[in-house]
Structures are given as C-alpha cells and as structure tokens.
Amino acid sequence: MNNLIIEELFVNYEDLEVLKGVNLNIKEGEFVAILGKSGCGKTTLINAIAGFLNYEGKITKPKRIGVVFQNYAVFPWLKVKENISFGLEDKNKVKEDVIKHYLNMIDLKDKSNAYPFELSGGQIQRVALARTLATNPELILMDEPYGALDIYTREKMQKWLLDIWTKERKTILFATHSIEEAIFLADRVLIIGNHKIEKEFKINFKRPRNEDIKFSNEFLELKKRISKFLADTL
Amino acid sequence: MLQFNKTLKKFYFLLPLAVIIIAWQLISGFNLVNSSLFPPPSRIFLAFIELLKNGELYLDIKSSLGRVFIGLFIGSFIGVIFGLLTGRINIINKSLSPLFNILRSFPPVAIIPIIIVWLGIGESAKLFSIAFATFFPVWINTHVGASRIPIVYTNASSILTKSSIKKWFSVILPASLPYIITGIRISIGVAFVMVFVSELAGASSGIGYLISISQLSYRMDRMFVGLFLLGFFGFITDYIFTRLTKYIFPWLEKI
C-alpha cells in the first residue's frame, strides 16, 4: 500500500515549535493541497515527509518520493536533458527513452540541450516536474512550485499539471498559499495553521477540470468559505 | 558608423596607456629625468628585440610560465579538494580550517628562504613556493562556495540519487564553481608574484632571473622588459582563463 500516513508529527527548530501533532492520511492516487499563510509550516511538513529534517512522530510513506521545490531547484549547470535524467542511474537505452518521453511530455523537445537560464519560469518548472516524474515516484511533494510565476503562466501550469496527473495518477501533496489554486487542483484542501492541520475541505468538482469552474458559484462560494476560515481562525 | 563606434569603444582602455607611454618617452627622451635609471619606452623595446634575437628570452618565458602553470595547478587542485571538504564536512572543517587559517596568515614570500633550506634552489622549491601560496586563495574561496550551496540543491540531489560520488561531482563541485574560479583568478596573480620572487632567490632561467641578472649589470631597460613581461603574461593568463571559463561554463554568470 502506498498511502502516506502521518501520526503525531512534531517538528521543532531549536526552541521554536513549527508543527505540533500533525495527523494526516493520504490515499494512493489522491491529490491533496495544503493551504496556509506564509510561515505556517507547509514547507516544514513537506521537508519532514521528504526526510530533509528531524522530527518526532511517525511517518509511513511510499519508498519512492519525488519533490518539486519552491524555488526552481533544477540544476543551473546541467542541460534540460541532464536535469531530467539526473535521478536515473544507468546510461542505457532505457534512460534515453525516459528522457525522450519526458521531453515530449513537457513539450521541450527542441530545448533538450538548453541550460535552465535559457528557459522561461514556466519551462523551468516543467523541467523540475519532469525530473521528478522520471524517477517514477509513488508520492510527489510539491512545495509552492508556482509561487514565483506570473498569474497567466501559473494558470497554464495548473492546467498542465492536472493533465499530467490524470495520465500518471501519482499521489500528490501540493503546498500553496493560493486558495484558488488549491481548490482547482485538489481532491481535498487541508488548512494548516496554529502548528497543525486545522480543517479539511473536500472538493467535489468533477474531473477532468477546466478553467471554467473557477467562475462557477460553487467554486466562488467555497473560495469565500476557505478565505473566511483563514481570516477568522488563523 | 554605429558598428565603428562600438569597435572603437573596445579600445578605450588603450588611451591612458598611450598617454603614459608618450609622456614617458618625452620625459625620458629629453633627459628631463636620468634616462639610464629611467630608460624611455623606445630603448626598452629595443632591449626586448635584442633579447628575443639572442633566444634567451624564450627560455626565460618558458621556464617562468611552466613554473607558474604547474605550481598554480598543484596549489589549486589541492585547494579545491580541501575547500570542498572543509566547506561540506563539519568535522574536517573544525579540525583543518584553524590550521589553514594560521598558515594563510604567513606572508608566502617569507617562506621561500625556509623552502630553499629544505629543498634547495631547484625546480621543486619554486613549484612548492608557488603551490603553497596559490593554495590558500583557492581553498578559502572553495570553502566559502561549498558551505553556501543553497540547501534546495543539496536536498534535490539527496532525493534524486543515493550516490555520494554523483552528489559531490554533479552538485557540490559545480555549485561551488563560481567561488572556485574567483579563487583561481586571485591565485593567478599570486603565482606570478611567487615565480618572480622564487627566481630572484636562485635560478638559471626565468623572467625573475632575467630581472635579477640585469640588475647586476645595471641594464634598466632589460629589467623593465622583465617587469612588463610578468605583467603582460599575468594579464593574458587571467584574460584567457576568464574567457575559457565563460565558454566552458556558460551558466556561470546566471546563478
């Protein structure tokens, strides 16, 4: 079973308590968004799951995990194809096929020999996701991956991510501070605040989703409710 | 016209140089200063031609540049290795960095007499002196670069690969490269100082040796030839190194 199960997770930075008793269960193939203000502990939760920091509590997670980082963490010294293949071990035909497959998927076939500085912000984030997907992870942790993008690119990337997710059906935990982004992408939105998960909102919009749902009354109503909850309780 | 102006701008740096040479030629040529102590550029140029013709200069240049490059390579290579280790591994940092910082505060020129006692006046003493002096700028810069690698890169590498070799060679080394290159550029200048001083202390060829024997015979023109050659090759080495690194690592200025 490839569920992510977190039980009584505590994380401290020296004397500062960042997470206090977080419990979470994410099923295989589920897309869950965690929402909260800056500094509420979203990144800390992702870093704890990824194993980047020490914690108390229990995390049961799939073996293969991929992370897409907040600031484009593609390696600037590697070309696009080298970034994508970084997590692959062998220099064989399979590796070449994987590179080709993901270059096609992210629509950057003609940029395989380009360096990240030659790409736009959106293209870089596509490379970052392709690099993660190439390792065939069972769980993908995404830490505000579109935070630095302009609104148009961001919306395009959200749509693109949903397309990929529909095809690959990976389990995704997606941290964001955008309510709209969280509702549009996820099956569930978890509100993190006061060092723990405060509330869960189920998102019942049918899939595949398109941009139009953002203008529906149901969407706007849900957005209002989440926004009010954030303002009142956190 | 615009293209011509652009090309012209590239040569602006020659203007002050030309003014200095012309003023110097006039001041010295008209004996406003003692021209045997302060020979005019024309006489220095003639001395340069004379040295080229008798073939000694080739050997001197070859000897000095050979020492500079070998010494610089050894010093930089060891500097990069230790810089990466002290920059990334806390226990190595705590044990070695204080020692390197003490050694770094020694004036490198002052160790030459000691090295001569230990190793004599042969090639090994000169190479050791240059390698010793060039080690520290490369070490300290690499150390700073390696210790300041954005955590997002090391986290990304640790989630993507379990291979330590890959992490060191494909992430830590390239991420430290901008600092390593700065260290090597500083060391290029240091290497030219050290080759001169080590050749003064005892050599049978080299630009430092040329300056040293020219001093004994009061050939000020030849001394200036040696001085300008050191400056010229120092500048050219730095220039080629900078251009080469930009060519090989086009991403360097973008991180």
# chains A, B, ... in the order shown; residues from 1 in each chain; ligands from 1
$ residues_around --residues "stretch 71-76 of chain A" --least-positions-apart "6" --cutoff "9 Å" --atoms "only C-alpha atoms" --output "list of chain:residue names"
A:Asn83, A:Ile84, A:Tyr115, A:Pro116, A:Phe117, A:Gly121, A:Ile124, A:Gln125, A:Val127, A:Ala128, A:Arg131, A:Asp143, A:Glu144, A:Pro145, A:Tyr146, A:Gly147, A:Ala148, B:Val152, B:Tyr153, B:Ala156, B:Val171, B:Ala175, B:Trp251, B:Leu252, B:Lys254, B:Ile255
$ write_last_selection --atoms "C-alpha atoms" --output "compact mmCIF listing (two decimals), in the first residue's frame"
# COMPACT_ATOMS: atom_id res chain seq x y z
CA ASN A 83 18.42 17.59 -15.37
CA ILE A 84 15.65 15.19 -16.37
CA TYR A 115 20.54 25.39 -19.97
CA PRO A 116 17.88 26.48 -17.45
CA PHE A 117 18.91 30.14 -17.82
CA GLY A 121 9.99 30.34 -15.44
CA ILE A 124 11.91 25.56 -15.79
CA GLN A 125 9.11 24.30 -13.57
CA VAL A 127 11.70 20.54 -16.30
CA ALA A 128 11.58 20.28 -12.49
CA ARG A 131 12.96 15.40 -13.43
CA ASP A 143 6.21 22.97 -2.32
CA GLU A 144 4.60 26.10 -3.76
CA PRO A 145 6.00 25.21 -7.17
CA TYR A 146 4.24 28.04 -8.95
CA GLY A 147 4.75 30.73 -6.33
CA ALA A 148 7.23 32.67 -8.45
CA VAL B 152 17.48 23.35 -2.20
CA TYR B 153 20.24 21.90 -4.44
CA ALA B 156 17.17 17.89 -4.54
CA VAL B 171 26.13 19.04 -7.47
CA ALA B 175 27.58 24.67 -7.34
CA TRP B 251 25.70 29.15 -16.99
CA LEU B 252 28.26 30.54 -14.53
CA LYS B 254 23.42 33.08 -14.34
CA ILE B 255 23.45 31.52 -10.87
$ interface_residues --of "chain A" --to "chain B" --cutoff "12 Å" --atoms "only C-alpha atoms" --output "MDAnalysis selection string"
chainID A and resid 43 46:53 63:79 82:90 114:119 128:129 131:137 140:141 143
$ write_last_selection --atoms "N, CA and C atoms" --output "short mmCIF file (atom, residue, chain, number, x, y, z; two decimals), in the first residue's frame"
data_model
loop_
_atom_site.label_atom_id
_atom_site.label_comp_id
_atom_site.auth_asym_id
_atom_site.auth_seq_id
_atom_site.Cartn_x
_atom_site.Cartn_y
_atom_site.Cartn_z
N THR A 43 6.10 24.20 4.27
CA THR A 43 7.40 23.71 3.80
C THR A 43 8.00 22.73 4.81
N ILE A 46 6.45 19.36 4.39
CA ILE A 46 6.98 18.70 3.19
C ILE A 46 8.41 18.22 3.43
N ASN A 47 9.21 19.07 4.07
CA ASN A 47 10.61 18.68 4.35
C ASN A 47 10.69 17.49 5.30
N ALA A 48 9.77 17.43 6.25
CA ALA A 48 9.76 16.29 7.19
C ALA A 48 9.39 15.01 6.45
N ILE A 49 8.38 15.09 5.58
CA ILE A 49 7.97 13.89 4.82
C ILE A 49 9.12 13.44 3.90
N ALA A 50 9.79 14.43 3.28
CA ALA A 50 10.89 14.10 2.36
C ALA A 50 12.11 13.56 3.10
N GLY A 51 12.16 13.80 4.41
CA GLY A 51 13.31 13.31 5.19
C GLY A 51 14.45 14.31 5.25
N PHE A 52 14.15 15.58 4.98
CA PHE A 52 15.20 16.60 4.99
C PHE A 52 15.49 17.12 6.39
N LEU A 53 14.58 16.85 7.34
CA LEU A 53 14.84 17.34 8.70
C LEU A 53 14.36 16.33 9.76
N LYS A 63 8.07 4.15 -0.84
CA LYS A 63 9.53 4.10 -0.96
C LYS A 63 10.08 5.22 -1.84
N ARG A 64 9.44 5.38 -3.00
CA ARG A 64 9.97 6.35 -3.95
C ARG A 64 9.20 7.67 -3.84
N ILE A 65 9.94 8.70 -3.44
CA ILE A 65 9.33 10.02 -3.26
C ILE A 65 10.02 11.02 -4.19
N GLY A 66 9.24 11.91 -4.76
CA GLY A 66 9.81 12.98 -5.56
C GLY A 66 9.41 14.32 -4.95
N VAL A 67 10.28 15.31 -5.11
CA VAL A 67 9.96 16.63 -4.57
C VAL A 67 10.13 17.69 -5.66
N VAL A 68 9.15 18.56 -5.78
CA VAL A 68 9.29 19.73 -6.67
C VAL A 68 9.35 20.93 -5.73
N PHE A 69 10.43 21.69 -5.86
CA PHE A 69 10.72 22.71 -4.84
C PHE A 69 10.13 24.08 -5.17
N GLN A 70 10.11 24.89 -4.11
CA GLN A 70 9.56 26.24 -4.15
C GLN A 70 10.29 27.12 -5.18
N ASN A 71 11.61 27.20 -5.00
CA ASN A 71 12.40 27.97 -5.96
C ASN A 71 13.00 26.96 -6.92
N TYR A 72 12.88 27.28 -8.18
CA TYR A 72 13.31 26.32 -9.19
C TYR A 72 14.60 25.64 -8.77
N ALA A 73 14.51 24.37 -8.39
CA ALA A 73 15.72 23.68 -7.95
C ALA A 73 16.32 22.84 -9.06
N VAL A 74 16.01 23.18 -10.31
CA VAL A 74 16.73 22.48 -11.37
C VAL A 74 18.17 22.96 -11.30
N PHE A 75 19.09 22.09 -11.66
CA PHE A 75 20.50 22.45 -11.53
C PHE A 75 20.91 23.36 -12.69
N PRO A 76 21.35 24.58 -12.40
CA PRO A 76 21.64 25.53 -13.48
C PRO A 76 22.81 25.09 -14.37
N TRP A 77 23.65 24.18 -13.83
CA TRP A 77 24.84 23.77 -14.58
C TRP A 77 24.57 22.57 -15.49
N LEU A 78 23.36 22.04 -15.42
CA LEU A 78 23.02 20.89 -16.28
C LEU A 78 22.02 21.31 -17.34
N LYS A 79 22.17 20.70 -18.52
CA LYS A 79 21.22 20.98 -19.59
C LYS A 79 19.88 20.33 -19.25
N GLU A 82 19.93 16.64 -19.12
CA GLU A 82 20.74 16.14 -18.00
C GLU A 82 20.00 16.32 -16.67
N ASN A 83 19.25 17.40 -16.56
CA ASN A 83 18.42 17.59 -15.37
C ASN A 83 17.38 16.49 -15.26
N ILE A 84 16.72 16.21 -16.39
CA ILE A 84 15.65 15.19 -16.37
C ILE A 84 16.22 13.82 -15.99
N SER A 85 17.43 13.53 -16.49
CA SER A 85 17.98 12.19 -16.25
C SER A 85 18.82 12.11 -14.97
N PHE A 86 18.86 13.19 -14.20
CA PHE A 86 19.74 13.21 -13.02
C PHE A 86 19.46 12.05 -12.05
N GLY A 87 18.20 11.76 -11.85
CA GLY A 87 17.84 10.71 -10.88
C GLY A 87 17.90 9.30 -11.46
N LEU A 88 18.22 9.18 -12.74
CA LEU A 88 18.28 7.85 -13.36
C LEU A 88 19.70 7.32 -13.27
N GLU A 89 19.82 6.05 -12.99
CA GLU A 89 21.14 5.51 -12.68
C GLU A 89 21.97 5.13 -13.91
N ASP A 90 21.34 4.44 -14.87
CA ASP A 90 22.15 3.83 -15.92
C ASP A 90 22.20 4.66 -17.19
N ALA A 114 19.38 22.89 -23.95
CA ALA A 114 19.42 24.26 -23.40
C ALA A 114 19.72 24.21 -21.91
N TYR A 115 20.34 25.25 -21.41
CA TYR A 115 20.54 25.39 -19.97
C TYR A 115 19.31 26.07 -19.36
N PRO A 116 19.06 25.86 -18.07
CA PRO A 116 17.88 26.48 -17.45
C PRO A 116 17.82 28.00 -17.64
N PHE A 117 18.97 28.68 -17.68
CA PHE A 117 18.91 30.14 -17.82
C PHE A 117 18.37 30.57 -19.19
N GLU A 118 18.30 29.60 -20.11
CA GLU A 118 17.77 29.92 -21.43
C GLU A 118 16.26 29.67 -21.52
N LEU A 119 15.67 29.25 -20.38
CA LEU A 119 14.24 28.92 -20.37
C LEU A 119 13.44 29.95 -19.58
N ALA A 128 11.50 20.76 -13.88
CA ALA A 128 11.58 20.28 -12.49
C ALA A 128 10.61 19.13 -12.27
N LEU A 129 9.40 19.24 -12.82
CA LEU A 129 8.43 18.17 -12.63
C LEU A 129 8.84 16.93 -13.44
N ARG A 131 11.85 16.03 -14.15
CA ARG A 131 12.96 15.40 -13.43
C ARG A 131 12.42 14.52 -12.30
N THR A 132 11.38 15.00 -11.64
CA THR A 132 10.79 14.23 -10.55
C THR A 132 10.05 13.01 -11.09
N LEU A 133 9.24 13.21 -12.13
CA LEU A 133 8.46 12.10 -12.69
C LEU A 133 9.35 11.00 -13.28
N ALA A 134 10.51 11.41 -13.83
CA ALA A 134 11.42 10.45 -14.47
C ALA A 134 11.88 9.36 -13.51
N THR A 135 11.90 9.68 -12.21
CA THR A 135 12.34 8.67 -11.24
C THR A 135 11.18 7.76 -10.81
N ASN A 136 10.03 7.96 -11.44
CA ASN A 136 8.84 7.15 -11.17
C ASN A 136 8.46 7.12 -9.68
N PRO A 137 8.26 8.27 -9.07
CA PRO A 137 7.93 8.28 -7.64
C PRO A 137 6.48 7.86 -7.40
N ILE A 140 4.49 12.45 -4.86
CA ILE A 140 5.19 13.69 -5.25
C ILE A 140 4.80 14.79 -4.26
N LEU A 141 5.82 15.40 -3.69
CA LEU A 141 5.60 16.53 -2.78
C LEU A 141 5.92 17.79 -3.57
N ASP A 143 6.18 21.88 -3.29
CA ASP A 143 6.21 22.97 -2.32
C ASP A 143 6.09 24.32 -3.03
#
$ atom_distance --atom1 "atom CA of A:Lys224" --atom2 "atom CA of A:Thr44"
26.6 Å
$ select_by_dssp --residues "stretch 8-189 of chain A" --states "strand (DSSP E)" --output "PyMOL selection string"
chain A and resi 8-13+16-26+31-35+56-60+65-68+139-143+171-176+188-189
$ residues_around --residues "A:Ala33" --least-positions-apart "6" --cutoff "7 Å" --atoms "only C-alpha atoms" --output "list in words"
Leu173, Phe174, Ala175, Ala182, Ala186, Arg188, Val189 and Leu190 of chain A
$ write_last_selection --atoms "N, CA and C atoms" --output "PDB file, in the first residue's frame"
ATOM      1  N   LEU A 173       1.004  15.702  -2.893  1.00  0.00           N
ATOM      2  CA  LEU A 173       0.750  16.621  -1.782  1.00  0.00           C
ATOM      3  C   LEU A 173       1.300  17.972  -2.227  1.00  0.00           C
ATOM      4  N   PHE A 174       0.395  18.941  -2.367  1.00  0.00           N
ATOM      5  CA  PHE A 174       0.728  20.199  -3.036  1.00  0.00           C
ATOM      6  C   PHE A 174       0.556  21.357  -2.049  1.00  0.00           C
ATOM      7  N   ALA A 175       1.662  22.012  -1.681  1.00  0.00           N
ATOM      8  CA  ALA A 175       1.567  23.153  -0.756  1.00  0.00           C
ATOM      9  C   ALA A 175       1.396  24.440  -1.557  1.00  0.00           C
ATOM     10  N   ALA A 182      -5.507  25.825  -4.845  1.00  0.00           N
ATOM     11  CA  ALA A 182      -5.767  24.622  -4.050  1.00  0.00           C
ATOM     12  C   ALA A 182      -7.108  23.991  -4.445  1.00  0.00           C
ATOM     13  N   ALA A 186      -7.056  20.212  -6.245  1.00  0.00           N
ATOM     14  CA  ALA A 186      -7.044  19.093  -5.297  1.00  0.00           C
ATOM     15  C   ALA A 186      -8.371  18.369  -5.109  1.00  0.00           C
ATOM     16  N   ARG A 188      -8.827  17.251  -1.925  1.00  0.00           N
ATOM     17  CA  ARG A 188      -9.050  17.742  -0.554  1.00  0.00           C
ATOM     18  C   ARG A 188      -8.121  18.919  -0.312  1.00  0.00           C
ATOM     19  N   VAL A 189      -8.590  19.899   0.439  1.00  0.00           N
ATOM     20  CA  VAL A 189      -7.733  21.024   0.823  1.00  0.00           C
ATOM     21  C   VAL A 189      -7.605  21.003   2.343  1.00  0.00           C
ATOM     22  N   LEU A 190      -6.378  20.934   2.810  1.00  0.00           N
ATOM     23  CA  LEU A 190      -6.135  20.929   4.254  1.00  0.00           C
ATOM     24  C   LEU A 190      -5.607  22.294   4.663  1.00  0.00           C
TER      25      LEU A 190
END
$ residues_around --residues "B:Pro113" --least-positions-apart "5" --cutoff "10 Å" --atoms "only C-alpha atoms" --output "list in words"
Trp118, Leu119, Gly120, Ile121, Ala125, Ser129, Ser198 and Ala201 of chain B
$ write_last_selection --atoms "C-alpha atoms" --output "PDB file, in the first residue's frame"
ATOM      1  CA  TRP B 118      64.635  22.323   2.838  1.00  0.00           C
ATOM      2  CA  LEU B 119      64.521  21.731  -0.908  1.00  0.00           C
ATOM      3  CA  GLY B 120      67.486  23.688  -2.325  1.00  0.00           C
ATOM      4  CA  ILE B 121      67.177  26.096  -5.242  1.00  0.00           C
ATOM      5  CA  ALA B 125      61.473  24.556  -4.317  1.00  0.00           C
ATOM      6  CA  SER B 129      56.526  28.007  -3.157  1.00  0.00           C
ATOM      7  CA  SER B 198      61.443  32.395  -6.186  1.00  0.00           C
ATOM      8  CA  ALA B 201      66.211  33.697  -4.785  1.00  0.00           C
TER       9      ALA B 201
END
$ select_by_dssp --residues "stretch 73-226 of chain A" --states "alpha helix (DSSP H)" --output "VMD selection string"
chain A and resid 80 to 84 93 to 105 121 to 134 151 to 168 179 to 185 217 to 226
$ residues_around --residues "A:His195" --least-positions-apart "5" --cutoff "6 Å" --atoms "only C-alpha atoms" --output "JSON list (two decimals) with C-alpha atoms, in the first residue's frame"
[["chain", "number", "residue", "atom", "x", "y", "z"],
["A", 18, "VAL", "CA", 6.72, 24.59, 14.00],
["A", 19, "LEU", "CA", 4.47, 21.54, 13.83],
["A", 20, "LYS", "CA", 2.61, 20.26, 16.88]]
$ closest_residue --among "A:Val32, A:Leu4, A:Met105, A:Val11" --to "A:Lys167" --atoms "only C-alpha atoms"
A:Met105
$ atom_distance --atom1 "atom CA of A:Phe205" --atom2 "atom CA of A:Cys40"
27.0 Å
$ decode --residues "stretch 84-110 of chain B" --atoms "C-alpha atoms" --output "compact mmCIF listing (two decimals), in the first residue's frame"
# COMPACT_ATOMS: atom_id res chain seq x y z
CA LEU B 84 35.14 21.22 -0.71
CA LEU B 85 35.94 19.01 2.27
CA THR B 86 36.13 21.83 4.85
CA GLY B 87 33.12 23.53 3.28
CA ARG B 88 30.87 20.48 3.45
CA ILE B 89 32.09 18.21 6.23
CA ASN B 90 31.84 19.78 9.65
CA ILE B 91 34.40 17.60 11.42
CA ILE B 92 37.03 18.26 8.72
CA ASN B 93 36.20 21.96 8.86
CA LYS B 94 36.64 22.10 12.61
CA SER B 95 39.92 20.21 12.54
CA LEU B 96 41.61 21.69 9.46
CA SER B 97 40.31 25.22 8.96
CA PRO B 98 42.05 26.72 12.03
CA LEU B 99 45.37 25.26 10.82
CA PHE B 100 44.88 26.59 7.29
CA ASN B 101 43.92 29.99 8.65
CA ILE B 102 47.13 30.17 10.69
CA LEU B 103 49.23 29.12 7.68
CA ARG B 104 47.30 31.56 5.48
CA SER B 105 48.42 34.47 7.59
CA PHE B 106 52.11 33.74 6.86
CA PRO B 107 53.42 36.01 4.09
CA PRO B 108 54.09 33.41 1.35
CA VAL B 109 57.24 35.26 0.26
CA ALA B 110 58.71 34.80 3.75
